[in-house]
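Taking it in order: structure first as structure tokens, then the write-up.
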Amino acid sequence: MADKPTLGPDDRELIAQLAAGDPAAFEAIYRRHAGMVFGLLTRLIGPDRDREDLMQDVFVRLHAALARFRGECALTTLLYQITSRVAIDHLRRRTRNRFDLADFDLDDEIDPRASPADQTLRREQLATAVELLASLSPEHRVVFILREVLELPFDEIARIVGALPATTRMRVNAAKRALARRQS
């Protein structure tokens with residue numbers, strides 16, 4: 001189960017420093033959370049070549065949002081919200097422009113120390129997983145990954161995606177059924 005994010009004193013202090021006009025505070029926020037954002041983007045959209053650009057978009061949006069941020073939730077929750085929205089927008093654009101496995105850099109996700117046979121097997125497994133997840137609508141895909149991969153509770157997922165917990169449960173279950181149908 002994923003740890004429940006909390007607004008730690010370091011994040012609070014950095015947000016206060018940023019509000020006071022210290023640009024180094026945002027750089028510290030970026031360094032602290034960039035790995036988590038990149039990992040979440042990878043889970044949400046796959047090993048897509050656009051992850052770096054999307055990560056920058058997340059932090060541009062975060063910078064704008066921090067001016068209104070009052071600490072009602074953890075900074076990581078706000079980052080989950082922004083990252084999820086950026087991922088959904090990207091997935092919608094990609095869906096309109098046709099899915100193409102060539103848009104994914106599967107080699108980034110393969111251990112170069114593995115044997116050639118293991119690398120080939122891993123590449124095939126990743127391609128299958130990417131294709132299966134690509135078959136889901138962006139909304140179903142995001143809630144499925146937040147629940148099944150990150151193991152977030154439904155109420156937190158609902159806050160992240162701006163839906164009711166019951167709607168979130170229905171989307172996760174619909175995603176599971178759709179994936180099960182595609183695997184059969």
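Labels for the structure tokens follow display order: chains A, B, ..., residues from 1 in each chain, ligands from 1.
When the distance limit is 10 Å and only C-alpha atoms are what count, the residues near Arg159 of chain A, minus those fewer than 3 positions from it on the same chain, are Cys73, Thr77, Leu78, Tyr80, Gln81, Phe154, Asp155, Glu156, Gly162, Ala163, Leu164, Pro165 and Thr168 of chain A.
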Output for the residues just chosen: C-alpha atoms as a CSV table (one decimal), in the first residue's frame:
chain,number,residue,atom,x,y,z
A,73,CYS,CA,-3.7,18.7,1.0
A,77,THR,CA,-1.5,15.2,-3.7
A,78,LEU,CA,-1.4,18.4,-5.7
A,80,TYR,CA,-0.7,13.8,-8.4
A,81,GLN,CA,-3.6,16.0,-9.5
A,154,PHE,CA,-10.4,5.5,-3.6
A,155,ASP,CA,-11.2,8.7,-1.7
A,156,GLU,CA,-7.7,10.1,-2.5
A,162,GLY,CA,-12.0,15.4,-9.4
A,163,ALA,CA,-14.6,12.6,-9.2
A,164,LEU,CA,-16.8,11.0,-6.5
A,165,PRO,CA,-15.3,7.9,-4.8
A,168,THR,CA,-13.7,6.2,-9.2
Please, which residues in segment 48-116 of chain A fall within 10 Å of segment 7-30 of chain A when counting only C-alpha atoms, and what is the closest atom pair and distance in Å to one decimal for each, ordered by chain then residue number, as JSON lines?
{"residue": "A:Gln56", "atom": "CA", "partner": "A:Tyr30", "partner_atom": "CA", "distance": 9.8}
{"residue": "A:Phe59", "atom": "CA", "partner": "A:Tyr30", "partner_atom": "CA", "distance": 7.3}
{"residue": "A:Leu62", "atom": "CA", "partner": "A:Phe26", "partner_atom": "CA", "distance": 9.6}
{"residue": "A:His63", "atom": "CA", "partner": "A:Phe26", "partner_atom": "CA", "distance": 7.6}
{"residue": "A:Leu66", "atom": "CA", "partner": "A:Ile15", "partner_atom": "CA", "distance": 7.4}
{"residue": "A:Ala67", "atom": "CA", "partner": "A:Ala19", "partner_atom": "CA", "distance": 7.1}
{"residue": "A:Arg68", "atom": "CA", "partner": "A:Ala19", "partner_atom": "CA", "distance": 9.9}
{"residue": "A:Phe69", "atom": "CA", "partner": "A:Ile15", "partner_atom": "CA", "distance": 8.7}
{"residue": "A:Arg70", "atom": "CA", "partner": "A:Ile15", "partner_atom": "CA", "distance": 9.5}
{"residue": "A:Gly71", "atom": "CA", "partner": "A:Leu7", "partner_atom": "CA", "distance": 7.4}
{"residue": "A:Glu72", "atom": "CA", "partner": "A:Leu7", "partner_atom": "CA", "distance": 9.1}
{"residue": "A:Cys73", "atom": "CA", "partner": "A:Leu7", "partner_atom": "CA", "distance": 7.0}
{"residue": "A:Ala74", "atom": "CA", "partner": "A:Leu7", "partner_atom": "CA", "distance": 4.3}
{"residue": "A:Leu75", "atom": "CA", "partner": "A:Leu7", "partner_atom": "CA", "distance": 5.8}
{"residue": "A:Thr76", "atom": "CA", "partner": "A:Leu7", "partner_atom": "CA", "distance": 7.6}
{"residue": "A:Thr77", "atom": "CA", "partner": "A:Leu7", "partner_atom": "CA", "distance": 9.0}
_Those of segment 2-184 of chain A in DSSP helix (DSSP H, G or I), formatted as a VMD selection string_ = chain A and resid 9 to 19 23 to 45 51 to 66 75 to 96 101 to 103 106 to 109 116 to 134 138 to 149 154 to 161 165 to 183
*asked:* Set the distance at 10 Å and use only C-alpha atoms: which residues neighbour Ile82 of chain A once local chain neighbours fewer than 6 positions away are removed? I'd like the list as a PyMOL selection string.
replied: chain A and resi 37+57-62+65+76+88+160-161
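Distance annotation: of A:Val172, A:Thr42, A:Ala34, A:Leu179, the residue with the minimal separation from Ser84 of chain A is A:Thr42; atom set is only C-alpha atoms.
If only C-alpha atoms are the atoms counted, then among A:Asp89, A:Ser115, A:Leu79, A:Ala127 the closest residue to Pro47 of chain A is A:Ala127.
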_So that I can check the surroundings of Ile145 of chain A, please list as a PyMOL selection string every protein, DNA and RNA residue that reaches within 12 Å of it, counting only C-alpha atoms and ignoring chain neighbours fewer than 2 positions away._
chain A and resi 39-46+80+84+87+133+136+138-143+147-154+157+168+171-173+175-176
